[in-house]
$ cat my_file-v3.cif   # mmCIF, N, CA, C and O atoms
data_protein
#
loop_
_atom_site.label_atom_id
_atom_site.label_comp_id
_atom_site.auth_asym_id
_atom_site.auth_seq_id
_atom_site.Cartn_x
_atom_site.Cartn_y
_atom_site.Cartn_z
N MET A 296 202.04 78.71 138.36
CA MET A 296 201.60 79.82 139.17
C MET A 296 202.70 80.87 139.19
O MET A 296 203.84 80.57 139.48
N ASP A 297 202.33 82.08 138.88
CA ASP A 297 203.29 83.17 138.87
C ASP A 297 203.18 83.94 140.18
O ASP A 297 202.27 84.74 140.38
N PHE A 298 204.11 83.66 141.09
CA PHE A 298 204.07 84.27 142.41
C PHE A 298 204.46 85.75 142.40
O PHE A 298 204.08 86.50 143.29
N VAL A 299 205.21 86.16 141.38
CA VAL A 299 205.52 87.58 141.25
C VAL A 299 204.24 88.36 140.96
O VAL A 299 203.96 89.39 141.59
N ASP A 300 203.44 87.86 140.02
CA ASP A 300 202.17 88.51 139.70
C ASP A 300 201.22 88.48 140.90
O ASP A 300 200.54 89.47 141.18
N MET A 301 201.17 87.36 141.61
CA MET A 301 200.32 87.28 142.79
C MET A 301 200.77 88.30 143.83
O MET A 301 199.94 88.98 144.43
N GLY A 302 202.06 88.44 144.01
CA GLY A 302 202.59 89.42 144.95
C GLY A 302 202.20 90.84 144.56
O GLY A 302 201.86 91.66 145.41
N LYS A 303 202.24 91.11 143.26
CA LYS A 303 201.83 92.43 142.78
C LYS A 303 200.35 92.68 143.08
O LYS A 303 199.96 93.79 143.46
N ARG A 304 199.53 91.64 142.94
CA ARG A 304 198.11 91.80 143.22
C ARG A 304 197.86 92.00 144.72
O ARG A 304 197.00 92.78 145.11
N ILE A 305 198.64 91.31 145.55
CA ILE A 305 198.53 91.53 147.00
C ILE A 305 198.85 92.99 147.30
O ILE A 305 198.13 93.66 148.04
N ARG A 306 199.92 93.48 146.71
CA ARG A 306 200.30 94.88 146.92
C ARG A 306 199.20 95.82 146.44
O ARG A 306 198.83 96.77 147.14
N GLN A 307 198.66 95.58 145.24
CA GLN A 307 197.61 96.44 144.70
C GLN A 307 196.40 96.47 145.62
O GLN A 307 195.85 97.55 145.88
N LYS A 308 195.99 95.33 146.12
CA LYS A 308 194.82 95.26 147.01
C LYS A 308 195.12 95.96 148.33
O LYS A 308 194.27 96.64 148.89
N ARG A 309 196.35 95.78 148.84
CA ARG A 309 196.74 96.43 150.10
C ARG A 309 196.72 97.94 149.94
O ARG A 309 196.14 98.66 150.76
N VAL A 310 197.33 98.43 148.87
CA VAL A 310 197.38 99.87 148.62
C VAL A 310 195.97 100.42 148.41
O VAL A 310 195.63 101.50 148.91
N ALA A 311 195.13 99.68 147.69
CA ALA A 311 193.75 100.12 147.44
C ALA A 311 192.97 100.28 148.75
O ALA A 311 192.08 101.12 148.84
N LYS A 312 193.33 99.49 149.74
CA LYS A 312 192.68 99.60 151.05
C LYS A 312 193.35 100.65 151.93
O LYS A 312 192.92 100.87 153.06
N GLY A 313 194.40 101.28 151.41
CA GLY A 313 195.09 102.32 152.16
C GLY A 313 195.93 101.77 153.30
O GLY A 313 196.17 102.46 154.29
N MET A 314 196.38 100.53 153.15
CA MET A 314 197.18 99.89 154.21
C MET A 314 198.65 99.91 153.85
O MET A 314 199.03 99.79 152.69
N THR A 315 199.47 100.04 154.87
CA THR A 315 200.92 99.88 154.70
C THR A 315 201.25 98.40 154.85
O THR A 315 200.43 97.61 155.33
N GLN A 316 202.47 98.04 154.47
CA GLN A 316 202.92 96.67 154.69
C GLN A 316 202.89 96.34 156.18
O GLN A 316 202.52 95.24 156.57
N GLU A 317 203.25 97.30 156.99
CA GLU A 317 203.26 97.10 158.44
C GLU A 317 201.86 96.82 158.97
O GLU A 317 201.67 95.95 159.83
N GLU A 318 200.87 97.55 158.46
CA GLU A 318 199.49 97.34 158.91
C GLU A 318 198.97 95.96 158.49
O GLU A 318 198.33 95.26 159.28
N LEU A 319 199.27 95.57 157.24
CA LEU A 319 198.87 94.25 156.79
C LEU A 319 199.56 93.18 157.62
O LEU A 319 198.94 92.20 158.02
N ALA A 320 200.83 93.38 157.88
CA ALA A 320 201.59 92.42 158.69
C ALA A 320 200.99 92.30 160.08
O ALA A 320 200.79 91.18 160.59
N GLU A 321 200.67 93.42 160.70
CA GLU A 321 200.11 93.40 162.06
C GLU A 321 198.75 92.69 162.08
O GLU A 321 198.51 91.85 162.95
N LYS A 322 197.90 93.01 161.12
CA LYS A 322 196.56 92.41 161.08
C LYS A 322 196.58 90.93 160.75
O LYS A 322 195.65 90.20 161.08
N SER A 323 197.63 90.48 160.07
CA SER A 323 197.73 89.07 159.69
C SER A 323 198.72 88.30 160.56
O SER A 323 198.99 87.13 160.31
N ASP A 324 199.27 88.98 161.57
CA ASP A 324 200.23 88.36 162.49
C ASP A 324 201.45 87.81 161.75
O ASP A 324 201.92 86.71 162.02
N LEU A 325 201.92 88.60 160.79
CA LEU A 325 203.12 88.27 160.02
C LEU A 325 204.10 89.43 160.16
O LEU A 325 203.74 90.48 160.70
N SER A 326 205.29 89.28 159.64
CA SER A 326 206.25 90.39 159.70
C SER A 326 206.13 91.23 158.43
O SER A 326 205.76 90.73 157.36
N ALA A 327 206.46 92.50 158.57
CA ALA A 327 206.44 93.40 157.41
C ALA A 327 207.47 92.95 156.37
O ALA A 327 207.23 93.08 155.17
N VAL A 328 208.58 92.42 156.82
CA VAL A 328 209.60 91.90 155.90
C VAL A 328 209.03 90.76 155.06
O VAL A 328 209.22 90.71 153.85
N TYR A 329 208.27 89.87 155.71
CA TYR A 329 207.66 88.74 155.01
C TYR A 329 206.64 89.25 153.99
O TYR A 329 206.61 88.77 152.85
N ILE A 330 205.82 90.24 154.38
CA ILE A 330 204.84 90.82 153.45
C ILE A 330 205.57 91.40 152.24
O ILE A 330 205.16 91.19 151.10
N GLY A 331 206.66 92.09 152.48
CA GLY A 331 207.45 92.65 151.38
C GLY A 331 207.97 91.57 150.45
O GLY A 331 207.94 91.73 149.22
N MET A 332 208.44 90.48 151.03
CA MET A 332 208.94 89.37 150.20
C MET A 332 207.81 88.74 149.39
O MET A 332 208.00 88.38 148.22
N LEU A 333 206.62 88.61 150.00
CA LEU A 333 205.46 88.08 149.26
C LEU A 333 205.13 89.00 148.09
O LEU A 333 204.89 88.53 146.97
N GLU A 334 205.10 90.29 148.35
CA GLU A 334 204.74 91.26 147.32
C GLU A 334 205.74 91.29 146.18
O GLU A 334 205.38 91.62 145.05
N ARG A 335 206.98 90.94 146.44
CA ARG A 335 208.00 90.90 145.39
C ARG A 335 208.11 89.51 144.77
O ARG A 335 208.91 89.31 143.84
N GLY A 336 207.31 88.57 145.23
CA GLY A 336 207.35 87.21 144.69
C GLY A 336 208.55 86.41 145.13
O GLY A 336 208.90 85.40 144.54
N LYS A 337 209.20 86.85 146.21
CA LYS A 337 210.40 86.17 146.72
C LYS A 337 210.05 85.03 147.68
O LYS A 337 210.91 84.20 147.98
N ARG A 338 208.82 85.04 148.19
CA ARG A 338 208.36 83.97 149.08
C ARG A 338 207.02 83.48 148.59
O ARG A 338 206.25 84.22 147.97
N THR A 339 206.73 82.23 148.87
CA THR A 339 205.45 81.62 148.53
C THR A 339 204.70 81.35 149.82
O THR A 339 205.19 80.62 150.68
N PRO A 340 203.50 81.92 149.97
CA PRO A 340 202.77 81.73 151.23
C PRO A 340 202.19 80.32 151.32
O PRO A 340 201.87 79.70 150.30
N SER A 341 202.06 79.85 152.54
CA SER A 341 201.32 78.60 152.75
C SER A 341 199.86 78.89 152.44
O SER A 341 199.43 80.05 152.36
N LEU A 342 199.08 77.86 152.29
CA LEU A 342 197.65 78.04 152.02
C LEU A 342 196.99 78.81 153.16
O LEU A 342 196.19 79.72 152.92
N ASP A 343 197.32 78.47 154.40
CA ASP A 343 196.74 79.17 155.55
C ASP A 343 197.09 80.66 155.53
O ASP A 343 196.23 81.51 155.78
N THR A 344 198.34 80.98 155.22
CA THR A 344 198.77 82.37 155.15
C THR A 344 198.08 83.09 154.00
O THR A 344 197.64 84.23 154.14
N PHE A 345 197.97 82.43 152.87
CA PHE A 345 197.30 83.02 151.71
C PHE A 345 195.85 83.37 152.05
O PHE A 345 195.39 84.48 151.77
N VAL A 346 195.13 82.45 152.68
CA VAL A 346 193.73 82.68 153.06
C VAL A 346 193.64 83.81 154.08
O VAL A 346 192.76 84.68 153.99
N LEU A 347 194.55 83.83 155.02
CA LEU A 347 194.57 84.89 156.03
C LEU A 347 194.76 86.26 155.39
O LEU A 347 194.05 87.22 155.71
N ILE A 348 195.68 86.37 154.47
CA ILE A 348 195.94 87.65 153.78
C ILE A 348 194.71 88.06 152.98
O ILE A 348 194.30 89.23 153.01
N ALA A 349 194.10 87.12 152.27
CA ALA A 349 192.88 87.43 151.51
C ALA A 349 191.78 87.93 152.44
O ALA A 349 191.09 88.90 152.13
N ASP A 350 191.64 87.29 153.60
CA ASP A 350 190.63 87.72 154.57
C ASP A 350 190.91 89.12 155.08
O ASP A 350 190.00 89.95 155.16
N VAL A 351 192.15 89.39 155.43
CA VAL A 351 192.51 90.71 155.96
C VAL A 351 192.27 91.79 154.89
O VAL A 351 191.78 92.87 155.18
N LEU A 352 192.59 91.46 153.64
CA LEU A 352 192.40 92.41 152.54
C LEU A 352 190.96 92.45 152.05
O LEU A 352 190.61 93.29 151.22
N GLU A 353 190.14 91.55 152.58
CA GLU A 353 188.72 91.46 152.19
C GLU A 353 188.56 91.26 150.69
O GLU A 353 187.78 91.95 150.03
N VAL A 354 189.32 90.31 150.16
CA VAL A 354 189.24 89.95 148.75
C VAL A 354 189.07 88.44 148.65
O VAL A 354 189.33 87.71 149.61
N THR A 355 188.66 87.98 147.50
CA THR A 355 188.54 86.55 147.28
C THR A 355 189.88 85.99 146.80
O THR A 355 190.73 86.74 146.29
N ALA A 356 190.03 84.70 146.95
CA ALA A 356 191.27 84.05 146.52
C ALA A 356 191.52 84.27 145.04
O ALA A 356 192.65 84.52 144.62
N ASP A 357 190.44 84.19 144.22
CA ASP A 357 190.67 84.34 142.78
C ASP A 357 191.09 85.76 142.41
O ASP A 357 191.78 85.95 141.42
N GLU A 358 190.75 86.75 143.23
CA GLU A 358 191.23 88.10 142.96
C GLU A 358 192.75 88.16 143.09
O GLU A 358 193.41 88.90 142.36
N LEU A 359 193.29 87.41 144.03
CA LEU A 359 194.75 87.40 144.21
C LEU A 359 195.42 86.44 143.23
O LEU A 359 196.52 86.72 142.75
N LEU A 360 194.77 85.33 142.93
CA LEU A 360 195.36 84.35 142.03
C LEU A 360 195.23 84.76 140.57
O LEU A 360 196.16 84.61 139.80
N CYS A 361 194.07 85.26 140.19
CA CYS A 361 193.82 85.60 138.79
C CYS A 361 193.92 87.08 138.52
O CYS A 361 193.94 87.49 137.37
N GLY A 362 193.89 87.87 139.56
CA GLY A 362 194.03 89.29 139.38
C GLY A 362 192.73 90.04 139.22
O GLY A 362 192.67 91.22 139.44
N THR A 363 191.70 89.33 138.85
CA THR A 363 190.43 90.00 138.66
C THR A 363 189.29 89.02 138.74
O THR A 363 189.43 87.86 138.36
N LEU A 364 188.19 89.47 139.25
CA LEU A 364 186.99 88.62 139.28
C LEU A 364 186.44 88.42 137.88
O LEU A 364 185.72 87.48 137.63
N LYS A 365 186.80 89.30 136.97
CA LYS A 365 186.25 89.21 135.62
C LYS A 365 186.56 87.86 134.99
O LYS A 365 185.71 87.26 134.35
N LYS A 366 187.77 87.36 135.18
CA LYS A 366 188.12 86.06 134.62
C LYS A 366 187.23 84.98 135.21
O LYS A 366 186.74 84.12 134.50
N GLY A 367 187.03 85.02 136.52
CA GLY A 367 186.16 84.04 137.17
C GLY A 367 184.73 84.17 136.68
O GLY A 367 184.05 83.18 136.46
N CYS A 368 184.28 85.40 136.48
CA CYS A 368 182.93 85.63 135.98
C CYS A 368 182.78 85.11 134.55
O CYS A 368 181.74 84.56 134.21
N GLN A 369 183.80 85.28 133.75
CA GLN A 369 183.74 84.80 132.38
C GLN A 369 183.58 83.28 132.34
O GLN A 369 182.82 82.74 131.54
N VAL A 370 184.27 82.59 133.23
CA VAL A 370 184.16 81.13 133.30
C VAL A 370 182.75 80.75 133.72
O VAL A 370 182.12 79.87 133.13
N ARG A 371 182.24 81.43 134.74
CA ARG A 371 180.89 81.13 135.23
C ARG A 371 179.84 81.47 134.17
O ARG A 371 178.90 80.72 133.96
N LEU A 372 180.00 82.60 133.50
CA LEU A 372 179.05 82.97 132.45
C LEU A 372 179.03 81.95 131.32
O LEU A 372 177.97 81.64 130.77
N ALA A 373 180.19 81.42 130.98
CA ALA A 373 180.25 80.39 129.94
C ALA A 373 179.50 79.14 130.39
O ALA A 373 178.79 78.50 129.58
N ALA A 374 179.61 78.79 131.66
CA ALA A 374 178.88 77.63 132.18
C ALA A 374 177.38 77.90 132.16
O ALA A 374 176.58 77.01 131.81
N TYR A 375 176.96 79.12 132.51
CA TYR A 375 175.54 79.48 132.44
C TYR A 375 175.03 79.39 131.01
O TYR A 375 173.94 78.91 130.74
N GLU A 376 175.84 79.90 130.10
CA GLU A 376 175.45 79.90 128.69
C GLU A 376 175.24 78.46 128.20
O GLU A 376 174.26 78.17 127.49
N GLU A 377 176.13 77.59 128.60
CA GLU A 377 176.01 76.18 128.21
C GLU A 377 174.74 75.57 128.79
O GLU A 377 174.01 74.85 128.10
N LYS A 378 174.47 75.87 130.04
CA LYS A 378 173.26 75.36 130.70
C LYS A 378 172.00 75.93 130.05
O LYS A 378 171.02 75.22 129.83
N LEU A 379 172.01 77.23 129.74
CA LEU A 379 170.85 77.87 129.12
C LEU A 379 170.49 77.21 127.79
O LEU A 379 169.32 77.11 127.43
N ALA A 380 171.50 76.77 127.07
CA ALA A 380 171.26 76.14 125.78
C ALA A 380 170.44 74.85 125.91
O ALA A 380 169.76 74.45 124.96
N SER A 381 170.48 74.24 127.08
CA SER A 381 169.76 72.98 127.28
C SER A 381 168.36 73.18 127.89
O SER A 381 167.62 72.22 128.06
N LEU A 382 168.00 74.43 128.20
CA LEU A 382 166.71 74.70 128.82
C LEU A 382 165.62 74.93 127.78
O LEU A 382 165.89 75.35 126.66
N SER A 383 164.40 74.71 128.21
CA SER A 383 163.25 75.01 127.35
C SER A 383 163.07 76.52 127.28
O SER A 383 163.57 77.26 128.15
N PRO A 384 162.35 77.01 126.27
CA PRO A 384 162.11 78.46 126.18
C PRO A 384 161.45 79.02 127.44
O PRO A 384 161.79 80.13 127.87
N GLU A 385 160.55 78.27 128.05
CA GLU A 385 159.90 78.72 129.28
C GLU A 385 160.90 78.84 130.43
O GLU A 385 160.88 79.80 131.20
N GLU A 386 161.80 77.86 130.55
CA GLU A 386 162.83 77.90 131.61
C GLU A 386 163.79 79.06 131.39
O GLU A 386 164.21 79.72 132.35
N VAL A 387 164.14 79.32 130.14
CA VAL A 387 165.02 80.44 129.82
C VAL A 387 164.35 81.75 130.22
O VAL A 387 164.98 82.63 130.83
N LYS A 388 163.06 81.88 129.91
CA LYS A 388 162.33 83.09 130.27
C LYS A 388 162.32 83.28 131.79
O LYS A 388 162.54 84.39 132.28
N ARG A 389 162.09 82.21 132.55
CA ARG A 389 162.12 82.30 134.02
C ARG A 389 163.50 82.71 134.50
O ARG A 389 163.64 83.54 135.41
N PHE A 390 164.52 82.14 133.90
CA PHE A 390 165.89 82.49 134.28
C PHE A 390 166.12 83.99 134.08
O PHE A 390 166.63 84.67 134.97
N TYR A 391 165.75 84.50 132.91
CA TYR A 391 165.93 85.92 132.63
C TYR A 391 165.13 86.79 133.59
O TYR A 391 165.62 87.83 134.03
N ASN A 392 163.92 86.37 133.92
CA ASN A 392 163.10 87.14 134.86
C ASN A 392 163.77 87.22 136.23
O ASN A 392 163.80 88.27 136.87
N VAL A 393 164.32 86.09 136.68
CA VAL A 393 165.00 86.07 137.98
C VAL A 393 166.25 86.95 137.93
O VAL A 393 166.48 87.77 138.83
N MET A 394 167.04 86.82 136.87
CA MET A 394 168.26 87.62 136.75
C MET A 394 167.93 89.11 136.66
O MET A 394 168.60 89.93 137.28
N ASP A 395 166.89 89.45 135.90
CA ASP A 395 166.48 90.85 135.80
C ASP A 395 166.10 91.40 137.18
O ASP A 395 166.48 92.52 137.54
N ALA A 396 165.36 90.60 137.95
CA ALA A 396 164.95 91.03 139.30
C ALA A 396 166.16 91.18 140.22
O ALA A 396 166.27 92.18 140.94
N VAL A 397 167.08 90.23 140.17
CA VAL A 397 168.26 90.28 141.04
C VAL A 397 169.13 91.49 140.70
O VAL A 397 169.64 92.17 141.58
N LEU A 398 169.29 91.75 139.41
CA LEU A 398 170.17 92.83 138.97
C LEU A 398 169.46 94.18 138.89
O LEU A 398 170.09 95.19 138.59
N GLY A 399 168.15 94.18 139.15
CA GLY A 399 167.40 95.44 139.09
C GLY A 399 167.30 96.01 137.70
O GLY A 399 167.32 97.23 137.52
N MET A 400 167.19 95.13 136.72
CA MET A 400 167.11 95.58 135.33
C MET A 400 165.65 95.63 134.89
O MET A 400 164.85 94.79 135.28
N ASP A 401 165.35 96.61 134.04
CA ASP A 401 164.01 96.68 133.47
C ASP A 401 163.84 95.57 132.45
O ASP A 401 164.77 95.24 131.72
N GLN A 402 162.65 95.05 132.41
CA GLN A 402 162.40 93.94 131.48
C GLN A 402 161.88 94.41 130.16
O GLN A 402 161.35 95.37 129.92
#

$ encode --input "my_file-v3.cif" --output "structure tokens"
Amino acid sequence: MDFVDMGKRIRQKRVAKGMTQEELAEKSDLSAVYIGMLERGKRTPSLDTFVLIADVLEVTADELLCGTLKKGCQVRLAAYEEKLASLSPEEVKRFYNVMDAVLGMDQ
């Protein structure tokens, strides 16, 4: 686990929300100094602190750990692809119809 990269992602998400280190610290009941150390990769948060920061920043854990949901989506899409290969043509068609409806795509 690269805590320097995770710290950079915490900072990116904080800045994207327009928050200062002090505001994040206040909302998460931590010190601004501690937030700064996390963002520089100098400290490793406990699991509880990590979840709290993700909640305050309104991001998922994988956004902070992996940096992007795209990686998580790629893993999930690969699992879907594997599952689709085992379905009958009728089941595949139903799957596509449901996905088209959910995503608002024309068929």

$ residues_around --input "my_file-v3.cif" --residues "region 317-329 of chain A" --least-positions-apart "4" --cutoff "8 Å" --atoms "only N, CA, C and O atoms" --output "PyMOL selection string"
chain A and resi 309+313+333-339+343-344+347-348+350-352

$ atom_distance --input "my_file-v3.cif" --atom1 "atom O of Leu382 (chain A)" --atom2 "CA of Met394 (chain A)"
16.1 Å

$ closest_residue --input "my_file-v3.cif" --among "A:Met332, A:Leu372, A:Leu360, A:Ala396" --to "Gln316 (chain A)" --atoms "only C-alpha atoms"
A:Met332

$ atom_distance --input "my_file-v3.cif" --atom1 "CA of Glu353 (chain A)" --atom2 "atom O of Phe298 (chain A)"
18.4 Å

$ atom_distance --input "my_file-v3.cif" --atom1 "CA of Val387 (chain A)" --atom2 "atom C of Asp401 (chain A)"
15.4 Å

$ closest_residue --input "my_file-v3.cif" --among "A:Met301, A:Ile330, A:Ala311, A:Val397" --to "Cys361 (chain A)" --atoms "all atoms listed in the file"
A:Met301

$ closest_residue --input "my_file-v3.cif" --among "A:Leu379, A:Leu398, A:Val370, A:Val310" --to "Asp357 (chain A)" --atoms "only C-alpha atoms"
A:Val370

$ closest_residue --input "my_file-v3.cif" --among "A:Gly302, A:Ser381, A:Arg371, A:Val393" --to "Pro340 (chain A)" --atoms "only C-alpha atoms"
A:Gly302

$ select_by_dssp --input "my_file-v3.cif" --residues "chain A" --states "helix (DSSP H, G or I)" --output "ChimeraX atom specification"
/A:298-311,316-323,327-334,342-352,356-360,364-380,384-398

$ build_atoms --input "my_file-v3.cif" --residues "region 337-348 of chain A" --atoms "all heavy atoms" --output "PDB file, in the frame of the given file"
ATOM      1  N   LYS A 337     209.200  86.850 146.210  1.00  0.00           N
ATOM      2  CA  LYS A 337     210.400  86.170 146.720  1.00  0.00           C
ATOM      3  C   LYS A 337     210.050  85.030 147.680  1.00  0.00           C
ATOM      4  O   LYS A 337     210.910  84.200 147.980  1.00  0.00           O
ATOM      5  CB  LYS A 337     211.325  87.158 147.435  1.00  0.00           C
ATOM      6  CG  LYS A 337     211.791  88.296 146.577  1.00  0.00           C
ATOM      7  CD  LYS A 337     212.689  87.817 145.467  1.00  0.00           C
ATOM      8  CE  LYS A 337     213.200  88.983 144.643  1.00  0.00           C
ATOM      9  NZ  LYS A 337     213.914  88.539 143.454  1.00  0.00           N
ATOM     10  N   ARG A 338     208.820  85.040 148.190  1.00  0.00           N
ATOM     11  CA  ARG A 338     208.360  83.970 149.080  1.00  0.00           C
ATOM     12  C   ARG A 338     207.020  83.480 148.590  1.00  0.00           C
ATOM     13  O   ARG A 338     206.250  84.220 147.970  1.00  0.00           O
ATOM     14  CB  ARG A 338     208.191  84.479 150.526  1.00  0.00           C
ATOM     15  CG  ARG A 338     209.468  84.867 151.236  1.00  0.00           C
ATOM     16  CD  ARG A 338     210.385  83.695 151.573  1.00  0.00           C
ATOM     17  NE  ARG A 338     209.776  82.656 152.373  1.00  0.00           N
ATOM     18  CZ  ARG A 338     209.818  82.580 153.696  1.00  0.00           C
ATOM     19  NH1 ARG A 338     210.431  83.518 154.389  1.00  0.00           N
ATOM     20  NH2 ARG A 338     209.253  81.579 154.331  1.00  0.00           N
ATOM     21  N   THR A 339     206.730  82.230 148.870  1.00  0.00           N
ATOM     22  CA  THR A 339     205.450  81.620 148.530  1.00  0.00           C
ATOM     23  C   THR A 339     204.700  81.350 149.820  1.00  0.00           C
ATOM     24  O   THR A 339     205.190  80.620 150.680  1.00  0.00           O
ATOM     25  CB  THR A 339     205.687  80.280 147.782  1.00  0.00           C
ATOM     26  OG1 THR A 339     206.502  80.534 146.640  1.00  0.00           O
ATOM     27  CG2 THR A 339     204.371  79.669 147.360  1.00  0.00           C
ATOM     28  N   PRO A 340     203.500  81.920 149.970  1.00  0.00           N
ATOM     29  CA  PRO A 340     202.770  81.730 151.230  1.00  0.00           C
ATOM     30  C   PRO A 340     202.190  80.320 151.320  1.00  0.00           C
ATOM     31  O   PRO A 340     201.870  79.700 150.300  1.00  0.00           O
ATOM     32  CB  PRO A 340     201.653  82.764 151.142  1.00  0.00           C
ATOM     33  CG  PRO A 340     201.394  82.914 149.682  1.00  0.00           C
ATOM     34  CD  PRO A 340     202.754  82.756 149.028  1.00  0.00           C
ATOM     35  N   SER A 341     202.060  79.850 152.540  1.00  0.00           N
ATOM     36  CA  SER A 341     201.320  78.600 152.750  1.00  0.00           C
ATOM     37  C   SER A 341     199.860  78.890 152.440  1.00  0.00           C
ATOM     38  O   SER A 341     199.430  80.050 152.360  1.00  0.00           O
ATOM     39  CB  SER A 341     201.465  78.134 154.203  1.00  0.00           C
ATOM     40  OG  SER A 341     200.768  79.032 155.062  1.00  0.00           O
ATOM     41  N   LEU A 342     199.080  77.860 152.290  1.00  0.00           N
ATOM     42  CA  LEU A 342     197.650  78.040 152.020  1.00  0.00           C
ATOM     43  C   LEU A 342     196.990  78.810 153.160  1.00  0.00           C
ATOM     44  O   LEU A 342     196.190  79.720 152.920  1.00  0.00           O
ATOM     45  CB  LEU A 342     196.965  76.691 151.811  1.00  0.00           C
ATOM     46  CG  LEU A 342     195.482  76.744 151.458  1.00  0.00           C
ATOM     47  CD1 LEU A 342     195.236  77.593 150.219  1.00  0.00           C
ATOM     48  CD2 LEU A 342     194.943  75.340 151.271  1.00  0.00           C
ATOM     49  N   ASP A 343     197.320  78.470 154.400  1.00  0.00           N
ATOM     50  CA  ASP A 343     196.740  79.170 155.550  1.00  0.00           C
ATOM     51  C   ASP A 343     197.090  80.660 155.530  1.00  0.00           C
ATOM     52  O   ASP A 343     196.230  81.510 155.780  1.00  0.00           O
ATOM     53  CB  ASP A 343     197.228  78.560 156.868  1.00  0.00           C
ATOM     54  CG  ASP A 343     196.613  77.203 157.149  1.00  0.00           C
ATOM     55  OD1 ASP A 343     195.553  76.898 156.571  1.00  0.00           O
ATOM     56  OD2 ASP A 343     197.195  76.453 157.952  1.00  0.00           O
ATOM     57  N   THR A 344     198.340  80.980 155.220  1.00  0.00           N
ATOM     58  CA  THR A 344     198.770  82.370 155.150  1.00  0.00           C
ATOM     59  C   THR A 344     198.080  83.090 154.000  1.00  0.00           C
ATOM     60  O   THR A 344     197.640  84.230 154.140  1.00  0.00           O
ATOM     61  CB  THR A 344     200.300  82.461 155.014  1.00  0.00           C
ATOM     62  OG1 THR A 344     200.896  81.847 156.153  1.00  0.00           O
ATOM     63  CG2 THR A 344     200.770  83.900 154.892  1.00  0.00           C
ATOM     64  N   PHE A 345     197.970  82.430 152.870  1.00  0.00           N
ATOM     65  CA  PHE A 345     197.300  83.020 151.710  1.00  0.00           C
ATOM     66  C   PHE A 345     195.850  83.370 152.050  1.00  0.00           C
ATOM     67  O   PHE A 345     195.390  84.480 151.770  1.00  0.00           O
ATOM     68  CB  PHE A 345     197.361  82.034 150.540  1.00  0.00           C
ATOM     69  CG  PHE A 345     196.596  82.501 149.334  1.00  0.00           C
ATOM     70  CD1 PHE A 345     197.125  83.448 148.483  1.00  0.00           C
ATOM     71  CD2 PHE A 345     195.334  81.982 149.061  1.00  0.00           C
ATOM     72  CE1 PHE A 345     196.409  83.882 147.377  1.00  0.00           C
ATOM     73  CE2 PHE A 345     194.616  82.415 147.964  1.00  0.00           C
ATOM     74  CZ  PHE A 345     195.158  83.359 147.114  1.00  0.00           C
ATOM     75  N   VAL A 346     195.130  82.450 152.680  1.00  0.00           N
ATOM     76  CA  VAL A 346     193.730  82.680 153.060  1.00  0.00           C
ATOM     77  C   VAL A 346     193.640  83.810 154.080  1.00  0.00           C
ATOM     78  O   VAL A 346     192.760  84.680 153.990  1.00  0.00           O
ATOM     79  CB  VAL A 346     193.081  81.384 153.580  1.00  0.00           C
ATOM     80  CG1 VAL A 346     191.724  81.659 154.198  1.00  0.00           C
ATOM     81  CG2 VAL A 346     192.971  80.358 152.457  1.00  0.00           C
ATOM     82  N   LEU A 347     194.550  83.830 155.020  1.00  0.00           N
ATOM     83  CA  LEU A 347     194.570  84.890 156.030  1.00  0.00           C
ATOM     84  C   LEU A 347     194.760  86.260 155.390  1.00  0.00           C
ATOM     85  O   LEU A 347     194.050  87.220 155.710  1.00  0.00           O
ATOM     86  CB  LEU A 347     195.681  84.620 157.048  1.00  0.00           C
ATOM     87  CG  LEU A 347     195.876  85.651 158.152  1.00  0.00           C
ATOM     88  CD1 LEU A 347     194.629  85.752 159.024  1.00  0.00           C
ATOM     89  CD2 LEU A 347     197.080  85.287 158.992  1.00  0.00           C
ATOM     90  N   ILE A 348     195.680  86.370 154.470  1.00  0.00           N
ATOM     91  CA  ILE A 348     195.940  87.650 153.780  1.00  0.00           C
ATOM     92  C   ILE A 348     194.710  88.060 152.980  1.00  0.00           C
ATOM     93  O   ILE A 348     194.300  89.230 153.010  1.00  0.00           O
ATOM     94  CB  ILE A 348     197.196  87.555 152.901  1.00  0.00           C
ATOM     95  CG1 ILE A 348     198.444  87.483 153.787  1.00  0.00           C
ATOM     96  CG2 ILE A 348     197.281  88.740 151.934  1.00  0.00           C
ATOM     97  CD1 ILE A 348     199.713  87.154 153.054  1.00  0.00           C
TER      98      ILE A 348
END
